[in-house]
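Q: Quick one: the structure is below, and I'll ask about it shortly.
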Amino acid sequence: MNNKKYATYLFDKIKRLSFSNPGVTRETYGKGENSTHKFLIKELKRNTHSLDIDYGGNFLGIHKGRSEKIIVIGSHLDSQKHGGNFDGLAGVIMGIILIKTLKENNIKPHYSIGVMGIRGEESCWFPYSYIGSKIAIGQFDKKLLHSLKRSDTNKSLYYHINKSGFDAKKIEQGKVKFNLKNIRYFIEPHIEQGPVLEKKKKPLGIVTGIRGSFRFRDAKCIGEYLHSGATPIDYRKDSVVAVSTLVNEMNLYWKQQLKKGDDLTITFGQFFTDFEEHSFAKSAGLVNFCIDVRSNSKKVLEITKKQLLKKIKNIEKNTKTKFKLGKETNSSPALMNKKLVKIFDTYSKSIGTDSEIMASGAGHDSSVFANYGIPSLMLFIRNKNGSHNPNEYMGINFFMDVFKVLHGVITKKM
Ligand SMILES: [Zn+2]
């Protein structure tokens, strides 16, 4: 079977294994994820020299090169509930095809090549991201093994890991199975989950960094409900005006930073007055809202937060309102390896594959490996209709275009 046919066969097979109308469901440490791992391990074993499964159920199959050092191609195999078939899966299948090609053509590359299938990346099953990759590198917080409960069963992560046939106790003891010192690079091929490559008609995105974030999910602005006809502007304490001013100012600030060349997104995804008390004949005394700020630079995130707080202070003074931002959550940005970006960019150009250098707005396992200190890279594959939904669609020809670049770099440039 040629590579394109074999890839199509694997995508279709996994789709059938995890089908849940509409879309697929591969729940973390549940039926969908377990059967996907089991099937792909069987396929991968046909072509690897060795295959290991760690205490958390991540697998790593290896094709030996001249060096002991490994380039790991990997991604996650869980999905959202009724999600798309390609998110995560594409990266692992690309690794499997790569190893198959190396074996069939008797190629011994400089580095050994590993394929890693990772557990639990999506945070919809357990309210936590990157469970599998953090277990793989021994950085999973052991307290969470008991406290995290799966959203559909309400049973603990500890329970589900053991029920799936792995060893939560070893994870609790901080044990790591894979030999991390041997991992030279981590490369994650993954569908693009935004519209950029589709709009620009390019098959490949080379990712420079994965954005980190800070968020205030439950922010509010408190003013006063006052008569709309009887209260002059100077006497008002209008929460709608206050938060709108903030939205407007932050939007202008965002545009200025982009002009300076900074990577940044600012989103006020929720904005609502109090249904019980608001009225067309009153200025509003309460607005609930949220803020989501992302950047691939830690510094930009810090500066933006300072700006946000400064603007809020001014707006409070001018509108006589009070902001309460509530609990903050955040994640660290991760930079992809510059040398790898360059190698892939140069090579893709040299064979006429159109590529786009871009940041990733969504989080991915490669950020865990990058922040651990393993030089990492993400390759985005052109994909239609967004992601995390059943209509997610990656054309197999774009997958093969990206495969060609990956195969070429690994056999010729490394
Ligand atoms: Zn994903």
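Every chain in the structure tokens takes a letter, A first, then B, and so on in the order presented; its residues are numbered from 1, and the ligands are numbered from 1 following the presented order.
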Which parts of stretch 35-161 of chain A does DSSP call strand (DSSP E) when run on the backbone here, written out as a list in words?
A: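 Matching residues, listed in order: Ser50, Leu51, Asp52, Ile53, Phe59, Leu60, Gly61, Ile62, His63, Ile70, Ile71, Val72, Ile73, Gly74, Ser75, His76, Ser112, Ile113, Gly114, Val115, Met116, Gly117 and Ile118 of chain A.
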Q: What does the file look like for those residues with C-alpha atoms, as a CSV table (one decimal), in the first residue's frame?
A:
chain,number,residue,atom,x,y,z
A,50,SER,CA,11.4,-1.3,19.7
A,51,LEU,CA,8.2,0.0,21.3
A,52,ASP,CA,7.8,1.1,24.9
A,53,ILE,CA,4.7,2.2,26.8
A,59,PHE,CA,3.7,4.9,23.6
A,60,LEU,CA,7.1,5.5,22.0
A,61,GLY,CA,8.1,3.3,19.0
A,62,ILE,CA,11.6,3.6,17.6
A,63,HIS,CA,13.3,3.1,14.3
A,70,ILE,CA,16.1,10.4,18.9
A,71,ILE,CA,13.9,12.8,16.9
A,72,VAL,CA,10.5,12.2,18.3
A,73,ILE,CA,7.5,12.8,16.1
A,74,GLY,CA,4.4,12.9,18.3
A,75,SER,CA,1.0,14.3,19.2
A,76,HIS,CA,-2.1,13.4,21.2
A,112,SER,CA,16.9,7.5,15.5
A,113,ILE,CA,13.3,8.3,14.8
A,114,GLY,CA,10.6,7.9,17.5
A,115,VAL,CA,6.8,8.0,17.2
A,116,MET,CA,5.0,9.1,20.4
A,117,GLY,CA,1.3,8.7,20.9
A,118,ILE,CA,0.3,10.9,23.8
Q: Which protein, DNA or RNA residues have an atom within 10 Å of ligand 1, counting only C-alpha atoms and all ligand atoms, as a list in words?
A: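 Written in the requested form, the residues are Ser75, His76, Leu77, Asp78, Ser79, Gln80, Gly84, Phe86, Asp87, Gly88, Leu89, Ala90, Gly91, Glu121, Glu122, Glu188, Pro189, His190, Ile191, Glu192, Gln193, Ala362, Gly363, His364, Asp365, Ser387 and His388 of chain A.
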Q: Kindly save the residues from that selection, with C-alpha atoms included, as a PDB file, in the first residue's frame.
A:
ATOM      1  CA  SER A  75       1.006  14.253  19.193  1.00  0.00           C
ATOM      2  CA  HIS A  76      -2.086  13.355  21.210  1.00  0.00           C
ATOM      3  CA  LEU A  77      -4.739  10.766  20.450  1.00  0.00           C
ATOM      4  CA  ASP A  78      -7.635  11.927  22.604  1.00  0.00           C
ATOM      5  CA  SER A  79     -10.334  14.166  21.145  1.00  0.00           C
ATOM      6  CA  GLN A  80     -13.100  16.472  22.213  1.00  0.00           C
ATOM      7  CA  GLY A  84     -12.990  15.999  14.589  1.00  0.00           C
ATOM      8  CA  PHE A  86      -7.710  14.867  12.621  1.00  0.00           C
ATOM      9  CA  ASP A  87      -6.867  16.926  15.741  1.00  0.00           C
ATOM     10  CA  GLY A  88      -3.897  15.122  17.295  1.00  0.00           C
ATOM     11  CA  LEU A  89      -4.249  11.930  15.247  1.00  0.00           C
ATOM     12  CA  ALA A  90      -2.637  13.499  12.147  1.00  0.00           C
ATOM     13  CA  GLY A  91       0.708  13.932  13.927  1.00  0.00           C
ATOM     14  CA  GLU A 121      -4.103  16.556  25.894  1.00  0.00           C
ATOM     15  CA  GLU A 122      -7.615  17.984  25.740  1.00  0.00           C
ATOM     16  CA  GLU A 188       4.610  17.757  16.391  1.00  0.00           C
ATOM     17  CA  PRO A 189       2.748  17.773  13.073  1.00  0.00           C
ATOM     18  CA  HIS A 190      -0.804  18.991  13.803  1.00  0.00           C
ATOM     19  CA  ILE A 191      -3.729  20.380  11.834  1.00  0.00           C
ATOM     20  CA  GLU A 192      -4.040  24.147  11.935  1.00  0.00           C
ATOM     21  CA  GLN A 193      -7.102  24.947  14.026  1.00  0.00           C
ATOM     22  CA  ALA A 362      -3.916  27.217  20.741  1.00  0.00           C
ATOM     23  CA  GLY A 363      -1.899  25.209  23.252  1.00  0.00           C
ATOM     24  CA  HIS A 364      -0.193  21.929  22.300  1.00  0.00           C
ATOM     25  CA  ASP A 365       1.914  19.135  23.822  1.00  0.00           C
ATOM     26  CA  SER A 387     -11.367  22.256  14.868  1.00  0.00           C
ATOM     27  CA  HIS A 388     -12.975  20.603  17.910  1.00  0.00           C
TER      28      HIS A 388
END
Q: Excluding A:Asn251 and its own-chain neighbours fewer than 5 positions away, which residues fall within 9 Å of it when counting only C-alpha atoms? Please give them as a ChimeraX atom specification.
A: /A:246,256,266-267
Q: I need the alpha helix (DSSP H) residues of stretch 22-203 of chain A per DSSP on the backbone, written as a ChimeraX atom specification.
A: /A:31-45,89-104,131-136,143-147,157-163,168-172,196-200
Q: Stretch 376-384 of chain A: which residues within 8 Å, counting only C-alpha atoms, same-chain residues fewer than 3 positions away excluded, as a PyMOL selection string?
A: chain A and resi 185-193+195+197-198+201-208+336-337+340-341+366-367+369-370+392-395+398-399+402
Q: A:Ser18: which residues within 10 Å, counting only C-alpha atoms, same-chain residues fewer than 2 positions away excluded, as a PyMOL selection string?
A: chain A and resi 13-16+20-21+23-27+31-36+78-79+82+85
